[in-house]
$ cat final.txt   # compact mmCIF, C-alpha atoms and all ligand atoms
# COMPACT_ATOMS: atom_id res chain seq x y z
CA MET A 184 0.00 0.00 0.00
CA ASP A 185 1.37 3.37 -0.93
CA CYS A 186 0.21 5.46 1.96
CA GLN A 187 1.35 8.81 0.69
CA GLU A 188 0.85 10.88 -2.36
CA LYS A 189 4.01 10.82 -4.44
CA LEU A 190 5.30 14.13 -5.72
CA GLU A 191 7.69 14.03 -8.61
CA VAL A 192 10.86 16.02 -8.14
CA PRO A 193 11.34 18.30 -11.15
CA VAL A 194 14.72 18.41 -12.82
CA TYR A 195 16.64 21.60 -13.57
CA THR A 196 19.85 21.92 -15.51
CA ASP A 197 22.28 24.80 -15.99
CA VAL A 198 21.25 26.64 -12.85
CA ASP A 199 23.80 27.94 -10.40
CA ARG A 200 23.41 27.15 -6.70
CA GLU A 201 22.40 30.64 -5.56
CA THR A 202 19.68 30.99 -8.18
CA PHE A 203 18.51 27.49 -7.50
CA LEU A 204 18.20 28.01 -3.74
CA ARG A 205 16.65 31.46 -4.11
CA ASP A 206 14.18 30.92 -6.93
CA ILE A 207 13.58 27.23 -7.41
CA TYR A 208 14.12 25.17 -4.29
CA PRO A 209 12.07 27.42 -1.97
CA LEU A 210 9.22 25.59 -0.41
CA THR A 211 6.77 28.43 -0.57
CA SER A 212 6.57 31.63 -2.47
CA GLY A 213 3.57 33.70 -1.53
CA SER A 214 0.65 31.32 -1.28
CA GLU A 215 2.07 28.85 -3.78
CA THR A 216 3.69 25.72 -2.46
CA ARG A 217 6.22 24.16 -4.76
CA ALA A 218 7.96 20.88 -4.88
CA PRO A 219 11.68 21.07 -4.30
CA GLY A 220 13.66 20.62 -7.48
CA THR A 221 16.50 18.33 -8.23
CA LEU A 222 19.49 20.15 -9.52
CA CYS A 223 20.80 17.82 -12.14
CA ALA A 224 23.95 18.02 -14.11
CA ARG A 225 25.95 15.47 -15.94
CA VAL A 226 29.03 14.35 -14.09
CA ASP A 227 32.00 14.94 -16.34
CA GLY A 228 34.03 11.83 -16.86
CA GLU A 229 33.27 8.48 -15.40
CA LEU A 230 34.44 6.63 -12.36
CA SER A 231 34.94 3.67 -14.64
CA ARG A 232 37.85 2.39 -12.61
CA ALA A 233 35.77 2.25 -9.46
CA GLU A 234 34.45 -1.21 -10.11
CA GLY A 235 37.74 -2.81 -11.07
CA GLY A 236 40.22 -0.69 -9.15
CA ARG A 237 41.29 -1.48 -5.63
CA PRO A 238 40.67 1.42 -3.26
CA ARG A 239 43.65 2.77 -1.34
CA GLY A 240 43.56 3.38 2.38
CA GLN A 241 41.44 1.64 4.99
CA SER A 242 38.09 3.01 4.05
CA ALA A 243 35.95 -0.07 3.57
CA CYS A 244 33.04 -0.36 5.96
CA VAL A 245 32.97 -4.16 5.77
CA PRO A 246 35.62 -5.33 8.24
CA ARG A 247 36.66 -8.26 6.10
CA ALA A 248 37.56 -5.91 3.26
CA GLN A 249 40.38 -4.58 5.43
CA ASP A 250 42.00 -8.01 5.34
CA GLY A 251 42.65 -7.59 1.64
CA PHE A 252 40.02 -9.93 0.18
CA SER A 253 38.72 -9.21 -3.28
CA ALA A 254 35.12 -8.14 -3.79
CA GLN A 255 34.31 -11.58 -5.22
CA GLU A 256 35.74 -13.33 -2.18
CA LEU A 257 33.89 -11.03 0.17
CA CYS A 258 30.47 -11.14 -1.33
CA VAL A 259 28.19 -13.77 0.09
CA GLN A 260 24.97 -14.41 -1.74
CA ASP A 261 21.92 -12.77 -0.15
CA GLU A 262 24.06 -10.40 1.89
CA SER A 263 23.96 -6.71 1.13
CA TYR A 264 27.06 -4.57 1.17
CA TYR A 265 27.57 -0.88 1.64
CA LEU A 266 30.77 1.07 1.47
CA ARG A 267 30.88 4.53 2.97
CA SER A 268 34.40 5.92 2.84
CA LEU A 269 35.98 7.45 5.93
CA GLY A 270 38.97 9.69 6.62
CA GLU A 271 42.36 8.32 7.65
CA ASP A 272 41.54 8.99 11.30
CA VAL A 273 37.97 7.74 11.30
CA ARG A 274 37.01 9.56 14.47
CA LYS A 275 38.33 12.98 13.52
CA GLU A 276 38.87 13.35 9.82
CA PRO A 277 36.10 13.62 7.22
CA ALA A 278 36.32 11.49 4.08
CA ASP A 279 38.03 13.06 1.08
CA LEU A 280 37.94 11.24 -2.25
CA ARG A 281 41.14 13.01 -3.30
CA LYS A 282 43.04 11.60 -0.32
CA GLN A 283 41.62 8.08 0.01
CA PHE A 284 41.01 7.36 -3.69
CA PRO A 285 43.31 9.69 -5.65
CA GLU A 286 43.09 7.72 -8.91
CA LEU A 287 39.31 7.87 -8.87
CA ALA A 288 39.27 11.52 -7.87
CA GLU A 289 41.13 12.38 -11.09
CA ASP A 290 38.09 11.25 -13.05
CA PHE A 291 35.60 13.09 -10.93
CA ASP A 292 34.83 16.62 -11.89
CA ILE A 293 31.78 18.53 -10.71
CA PRO A 294 30.46 21.98 -11.42
CA GLN A 295 31.50 24.58 -8.83
CA PHE A 296 28.47 24.99 -6.58
CA PHE A 297 30.37 26.23 -3.54
CA GLU A 298 33.59 28.02 -2.66
CA PRO A 299 36.61 25.77 -2.03
CA GLU A 300 36.88 26.93 1.61
CA GLN A 301 33.34 25.68 2.26
CA PHE A 302 34.27 22.12 1.34
CA PHE A 303 33.76 19.62 4.16
CA SER A 304 33.98 16.09 2.73
CA SER A 305 33.61 13.92 -0.35
CA VAL A 306 32.32 10.47 0.46
CA PHE A 307 32.70 7.46 -1.79
CA ARG A 308 29.69 5.13 -1.60
CA ILE A 309 29.07 1.71 -3.11
CA SER A 310 25.85 -0.18 -2.56
CA SER A 311 24.46 -3.60 -3.34
CA PRO A 312 21.17 -3.67 -5.21
CA GLY A 313 18.26 -3.36 -2.82
CA LEU A 314 20.28 -1.61 -0.15
CA GLN A 315 18.20 1.01 1.60
CA LEU A 316 19.52 3.74 3.84
CA TRP A 317 17.15 4.87 6.61
CA THR A 318 15.55 8.32 6.50
CA HIS A 319 17.90 10.87 8.08
CA TYR A 320 19.08 14.43 7.78
CA ASP A 321 22.58 15.85 7.56
CA VAL A 322 23.51 19.31 8.75
CA MET A 323 25.35 20.48 5.64
CA ASP A 324 24.39 21.16 2.06
CA ASN A 325 25.06 18.12 -0.06
CA LEU A 326 25.44 17.08 -3.67
CA LEU A 327 24.86 13.38 -4.22
CA ALA A 328 26.42 12.21 -7.47
CA GLN A 329 25.28 8.92 -8.94
CA VAL A 330 28.07 7.49 -11.05
CA THR A 331 26.84 4.01 -11.94
CA GLY A 332 23.57 2.22 -11.22
CA ARG A 333 20.14 3.67 -10.50
CA LYS A 334 19.06 4.87 -7.09
CA ARG A 335 15.69 5.94 -5.72
CA VAL A 336 15.81 8.91 -3.40
CA VAL A 337 12.86 9.97 -1.25
CA LEU A 338 12.99 13.40 0.34
CA TYR A 339 10.97 15.00 3.14
CA SER A 340 11.02 18.66 4.07
CA PRO A 341 12.50 19.77 7.41
CA LYS A 342 9.02 21.22 8.04
CA ASP A 343 7.68 17.65 8.21
CA ALA A 344 10.01 16.69 11.06
CA LEU A 345 7.02 16.34 13.40
CA TYR A 346 5.60 13.49 11.31
CA LEU A 347 8.74 11.39 10.98
CA TYR A 348 9.10 9.91 14.47
CA LEU A 349 12.65 11.11 14.90
CA THR A 350 15.26 9.70 17.21
CA GLY A 351 18.17 12.10 16.83
CA ASP A 352 18.88 12.52 13.14
CA LYS A 353 17.00 9.36 12.08
CA SER A 354 13.39 8.50 11.45
CA GLU A 355 12.04 5.46 13.28
CA VAL A 356 9.87 4.71 10.24
CA LEU A 357 12.00 2.16 8.44
CA ASP A 358 9.44 0.98 5.93
CA ILE A 359 8.46 4.13 4.08
CA ASP A 360 6.53 2.30 1.31
CA THR A 361 4.16 0.07 3.26
CA THR A 362 4.22 1.89 6.57
CA ASP A 363 2.34 0.52 9.55
CA LEU A 364 0.04 3.49 10.03
CA GLN A 365 -1.46 2.07 13.22
CA HIS A 366 1.98 2.43 14.70
CA TYR A 367 2.97 5.66 12.92
CA PRO A 368 -0.31 7.48 12.23
CA GLU A 369 1.29 10.92 11.73
CA PHE A 370 3.60 9.65 8.99
CA VAL A 371 0.90 10.01 6.38
CA LYS A 372 1.05 13.79 6.84
CA ALA A 373 4.64 13.98 5.61
CA SER A 374 4.92 15.02 1.93
CA ARG A 375 7.06 12.59 0.05
CA TYR A 376 9.21 13.78 -2.85
CA GLU A 377 10.71 11.07 -4.95
CA CYS A 378 13.19 10.85 -7.78
CA ILE A 379 15.26 8.20 -9.49
CA LEU A 380 18.90 9.07 -9.98
CA GLU A 381 20.40 7.74 -13.20
CA PRO A 382 24.15 7.40 -13.74
CA GLY A 383 25.52 10.90 -14.23
CA ASP A 384 22.86 12.69 -12.19
CA LEU A 385 23.61 15.04 -9.33
CA LEU A 386 21.02 15.55 -6.61
CA PHE A 387 21.25 18.63 -4.42
CA ILE A 388 20.08 17.80 -0.88
CA PRO A 389 19.98 20.95 1.22
CA ALA A 390 21.00 20.77 4.88
CA LEU A 391 18.22 19.43 7.14
CA TRP A 392 16.24 17.83 4.31
CA PHE A 393 15.42 14.23 5.18
CA HIS A 394 16.47 11.64 2.66
CA ASN A 395 16.08 7.90 2.22
CA THR A 396 17.98 6.09 -0.52
CA LEU A 397 17.29 2.75 -2.16
CA ALA A 398 19.80 1.28 -4.60
CA LEU A 399 17.77 -0.11 -7.49
CA GLN A 400 20.96 -1.59 -8.97
CA PHE A 401 24.54 -2.10 -7.85
CA GLY A 402 25.74 1.47 -7.68
CA VAL A 403 28.72 3.67 -7.16
CA GLY A 404 28.38 7.26 -6.06
CA VAL A 405 30.08 10.17 -4.39
CA ASN A 406 28.56 12.83 -2.23
CA MET A 407 30.02 16.15 -1.23
CA PHE A 408 29.13 18.04 1.91
CA TRP A 409 29.94 21.70 2.32
CA ARG A 410 29.38 24.27 5.01
CA HIS A 411 27.01 27.12 4.35
CA LEU A 412 26.82 28.46 7.92
CA PRO A 413 29.78 30.31 9.44
CA PRO A 414 32.52 27.71 10.20
CA GLU A 415 32.27 28.23 13.98
CA SER A 416 28.61 27.09 13.91
CA TYR A 417 29.64 23.49 13.29
CA ASP A 418 30.78 20.86 15.74
CA LYS A 419 34.55 20.52 15.37
CA LYS A 420 34.47 16.79 16.12
CA ASP A 421 32.17 15.70 13.34
CA PRO A 422 33.75 13.44 10.73
CA TYR A 423 30.35 12.52 9.22
CA GLY A 424 28.76 15.95 8.77
CA ASN A 425 25.69 14.96 10.74
CA LYS A 426 26.29 16.45 14.18
CA ASP A 427 23.89 19.25 14.97
CA PRO A 428 25.32 22.77 14.89
CA VAL A 429 26.78 23.69 18.29
CA ALA A 430 23.98 26.10 19.20
CA ALA A 431 21.34 23.48 18.32
CA SER A 432 23.10 20.85 20.47
CA ARG A 433 23.27 23.30 23.36
CA ALA A 434 19.58 24.11 22.98
CA LEU A 435 18.65 20.40 22.86
CA GLN A 436 20.75 19.64 25.93
CA SER A 437 19.19 22.46 27.87
CA LEU A 438 15.73 21.17 26.86
CA GLU A 439 16.66 17.80 28.40
CA ARG A 440 17.73 19.60 31.59
CA THR A 441 14.47 21.55 31.59
CA LEU A 442 12.45 18.36 31.29
CA GLY A 443 14.41 16.97 34.24
CA ILE A 444 13.42 20.02 36.31
CA LEU A 445 9.75 19.50 35.40
CA GLU A 446 9.97 16.07 37.03
CA GLU A 447 10.20 17.79 40.40
CA LEU A 448 6.48 18.55 40.03
CA PRO A 449 3.48 16.22 40.41
CA PRO A 450 2.28 14.66 37.09
CA ASP A 451 -0.68 17.01 36.49
CA TYR A 452 1.58 20.05 36.95
CA GLN A 453 4.22 18.48 34.69
CA ASP A 454 1.59 18.04 32.02
CA PHE A 455 0.30 21.59 32.35
CA TYR A 456 3.72 23.25 32.24
CA ALA A 457 4.84 20.98 29.41
CA ARG A 458 1.85 22.24 27.41
CA ARG A 459 2.80 25.84 28.17
CA MET A 460 6.29 25.11 26.96
CA VAL A 461 4.96 23.49 23.78
CA LEU A 462 3.06 26.71 23.04
CA ARG A 463 6.19 28.77 23.52
CA ILE A 464 8.29 26.50 21.34
CA GLN A 465 5.58 26.22 18.70
CA SER A 466 5.48 29.97 18.23
CA ARG A 467 9.24 29.93 17.65
CA ALA A 468 9.20 26.92 15.32
CA TYR A 469 6.78 28.33 12.80
CA GLN A 470 7.63 32.00 13.19
CA THR A 471 11.05 31.93 11.49
CA MET A 472 9.83 30.06 8.43
CA GLU A 473 6.93 32.39 7.83
CA ALA A 474 9.09 35.44 8.39
CA SER A 475 11.41 34.48 5.55
CA PRO A 476 9.57 32.27 3.09
CA GLY A 477 11.83 30.12 1.06
CA ASN A 478 14.91 30.91 3.07
CA LEU A 479 16.20 27.47 3.89
CA ASP A 480 18.95 28.85 6.08
CA THR A 481 16.37 29.76 8.67
CA ALA A 482 14.03 26.80 8.16
O1 LIG A 501 23.43 7.42 -1.43
C1 LIG A 501 23.44 6.92 -0.33
O2 LIG A 501 23.55 5.73 -0.15
C2 LIG A 501 23.26 7.78 0.89
C3 LIG A 501 23.48 9.21 0.59
C4 LIG A 501 23.42 10.09 1.80
O3 LIG A 501 22.87 9.80 2.82
C5 LIG A 501 24.04 11.39 1.68
O4 LIG A 501 24.59 11.72 0.62
O5 LIG A 501 24.01 12.15 2.67
FE FE A 502 22.78 11.60 4.21
$ encode --input "final.txt" --output "structure tokens"
Amino acid sequence: MDCQEKLEVPVYTDVDRETFLRDIYPLTSGSETRAPGTLCARVDGELSRAEGGRPRGQSACVPRAQDGFSAQELCVQDESYYLRSLGEDVRKEPADLRKQFPELAEDFDIPQFFEPEQFFSSVFRISSPGLQLWTHYDVMDNLLAQVTGRKRVVLYSPKDALYLYLTGDKSEVLDIDTTDLQHYPEFVKASRYECILEPGDLLFIPALWFHNTLALQFGVGVNMFWRHLPPESYDKKDPYGNKDPVAASRALQSLERTLGILEELPPDYQDFYARRMVLRIQSRAYQTMEASPGNLDTA
């Protein structure tokens, strides 16, 4: 059962990032609500060596790959595999295709959507057919390049966060196609945007947009994260690009402390003051988005 209306993601070519974010991606303009667009461009060159070449460094996410086995030796029928490259120091350093896979990086050339100093990471990803990555958000702007294979991507707006049953940066709703709506009744309210990436497509995923990927075929891809907030806004110990900005983490921690304080009260008082706090937070949550329609930086 497809429980949600599916909205096609329109495709735009030859648009620079600023124009795209300002005029096309905005969620609302006046009273009109638009679907977000996919910024598509052909990837120049091919990562043709990716399938045959042996990656340098210790970036494989399957532990056995580190022991030097070939892909054929590693692959067990009915198992799914996913490679997500990491930096040399996996706890501190973000992945960089140019450092971990220099031969492949030579073949990979993308249009300049951001200034070099905004670059955060370039992540090499390989997935088995059928591999699905849970719905999550990242905190940086992102270009997801599909090099080989087809991949389905489903997107949800940050404004639909309330309907996604979040635990941290992930949605608890694992089955987004035949969702158990008894268990997750609010999920149906989330607007689903869907596109299929073909080899050579680039998908722009703005910071905070939820995404869920499903490899329709064996596929190789690269994604690039870059910072669009001032550098000091980001957590310095974040090799994955998914730690909340420092101010957001502080706010979330202080909310936890506040909820602890509420527990000093009897249950009916807890409930009442929690409702008052919801009202206060609600006014803040929707205020910023309405004040600057289409400005994703504040959404
Ligand atoms: O393509 C994938 O497998 C996941 C992509 C993703 O989560 C990302 O680019 O942030
Ligand atoms: Fe992601």
$ atom_distance --input "final.txt" --atom1 "CA of Ser416 in chain A" --atom2 "CA of Ala430 in chain A"
7.1 Å
$ residues_around --input "final.txt" --residues "Asn406 in chain A" --least-positions-apart "2" --cutoff "12 Å" --atoms "all atoms listed in the file" --output "ChimeraX atom specification"
/A:226,267-268,278-280,291,293,302-309,321,323-330,384-388,403-404,408-409,423-424
$ write_last_selection --input "final.txt" --atoms "C-alpha atoms" --output "compact mmCIF listing (two decimals), in the frame of the given file"
# COMPACT_ATOMS: atom_id res chain seq x y z
CA VAL A 226 29.03 14.35 -14.09
CA ARG A 267 30.88 4.53 2.97
CA SER A 268 34.40 5.92 2.84
CA ALA A 278 36.32 11.49 4.08
CA ASP A 279 38.03 13.06 1.08
CA LEU A 280 37.94 11.24 -2.25
CA PHE A 291 35.60 13.09 -10.93
CA ILE A 293 31.78 18.53 -10.71
CA PHE A 302 34.27 22.12 1.34
CA PHE A 303 33.76 19.62 4.16
CA SER A 304 33.98 16.09 2.73
CA SER A 305 33.61 13.92 -0.35
CA VAL A 306 32.32 10.47 0.46
CA PHE A 307 32.70 7.46 -1.79
CA ARG A 308 29.69 5.13 -1.60
CA ILE A 309 29.07 1.71 -3.11
CA ASP A 321 22.58 15.85 7.56
CA MET A 323 25.35 20.48 5.64
CA ASP A 324 24.39 21.16 2.06
CA ASN A 325 25.06 18.12 -0.06
CA LEU A 326 25.44 17.08 -3.67
CA LEU A 327 24.86 13.38 -4.22
CA ALA A 328 26.42 12.21 -7.47
CA GLN A 329 25.28 8.92 -8.94
CA VAL A 330 28.07 7.49 -11.05
CA ASP A 384 22.86 12.69 -12.19
CA LEU A 385 23.61 15.04 -9.33
CA LEU A 386 21.02 15.55 -6.61
CA PHE A 387 21.25 18.63 -4.42
CA ILE A 388 20.08 17.80 -0.88
CA VAL A 403 28.72 3.67 -7.16
CA GLY A 404 28.38 7.26 -6.06
CA PHE A 408 29.13 18.04 1.91
CA TRP A 409 29.94 21.70 2.32
CA TYR A 423 30.35 12.52 9.22
CA GLY A 424 28.76 15.95 8.77
$ atom_distance --input "final.txt" --atom1 "CA of Phe297 in chain A" --atom2 "CA of Arg281 in chain A"
17.1 Å
$ residues_around --input "final.txt" --residues "range 270-275 of chain A" --least-positions-apart "6" --cutoff "7 Å" --atoms "all atoms listed in the file" --output "ChimeraX atom specification"
/A:420-422
$ closest_atom_pairs --input "final.txt" --of "range 338-373 of chain A" --to "range 391-399 of chain A" --cutoff "7 Å" --atoms "all atoms listed in the file" --output "tab-separated table"
residue	atom	partner	partner_atom	distance
A:Leu338	CA	A:His394	CA	4.5
A:Tyr339	CA	A:Phe393	CA	5.0
A:Ser340	CA	A:Trp392	CA	5.3
A:Pro341	CA	A:Trp392	CA	5.2
$ axis_aligned_box --input "final.txt" --around "range 267-276 of chain A" --padding-each-side "5 Å" --output "JSON"
{"center_x": 36.6, "center_y": 8.9, "center_z": 8.7, "size_x": 21.5, "size_y": 18.8, "size_z": 21.6}
$ atom_distance --input "final.txt" --atom1 "CA of Arg459 in chain A" --atom2 "CA of Leu345 in chain A"
18.1 Å
$ residues_around --input "final.txt" --residues "Arg333 in chain A" --least-positions-apart "6" --cutoff "8 Å" --atoms "only C-alpha atoms" --output "count of residues only"
9
$ closest_residue --input "final.txt" --among "A:Leu349, A:Phe284, A:Pro368, A:Pro389" --to "ligand LIG 501 (chain A)" --atoms "only C-alpha atoms and all ligand atoms"
A:Pro389
$ closest_residue --input "final.txt" --among "A:Leu357, A:Leu364, A:Val336, A:Ile444" --to "ligand LIG 501 (chain A)" --atoms "only C-alpha atoms and all ligand atoms"
A:Val336
$ closest_residue --input "final.txt" --among "A:Phe455, A:Tyr348, A:Trp317, A:Phe296" --to "ligand LIG 501 (chain A)" --atoms "all atoms listed in the file"
A:Trp317
$ closest_residue --input "final.txt" --among "A:Leu442, A:Cys378, A:Val405, A:Ile464" --to "ligand LIG 501 (chain A)" --atoms "only C-alpha atoms and all ligand atoms"
A:Val405
$ closest_residue --input "final.txt" --among "A:Val429, A:Ile359, A:Met407, A:Leu445" --to "ligand FE 502 (chain A)" --atoms "only C-alpha atoms and all ligand atoms"
A:Met407
$ closest_residue --input "final.txt" --among "A:Glu262, A:Glu289, A:Asp427, A:Asp352" --to "ligand FE 502 (chain A)" --atoms "all atoms listed in the file"
A:Asp352
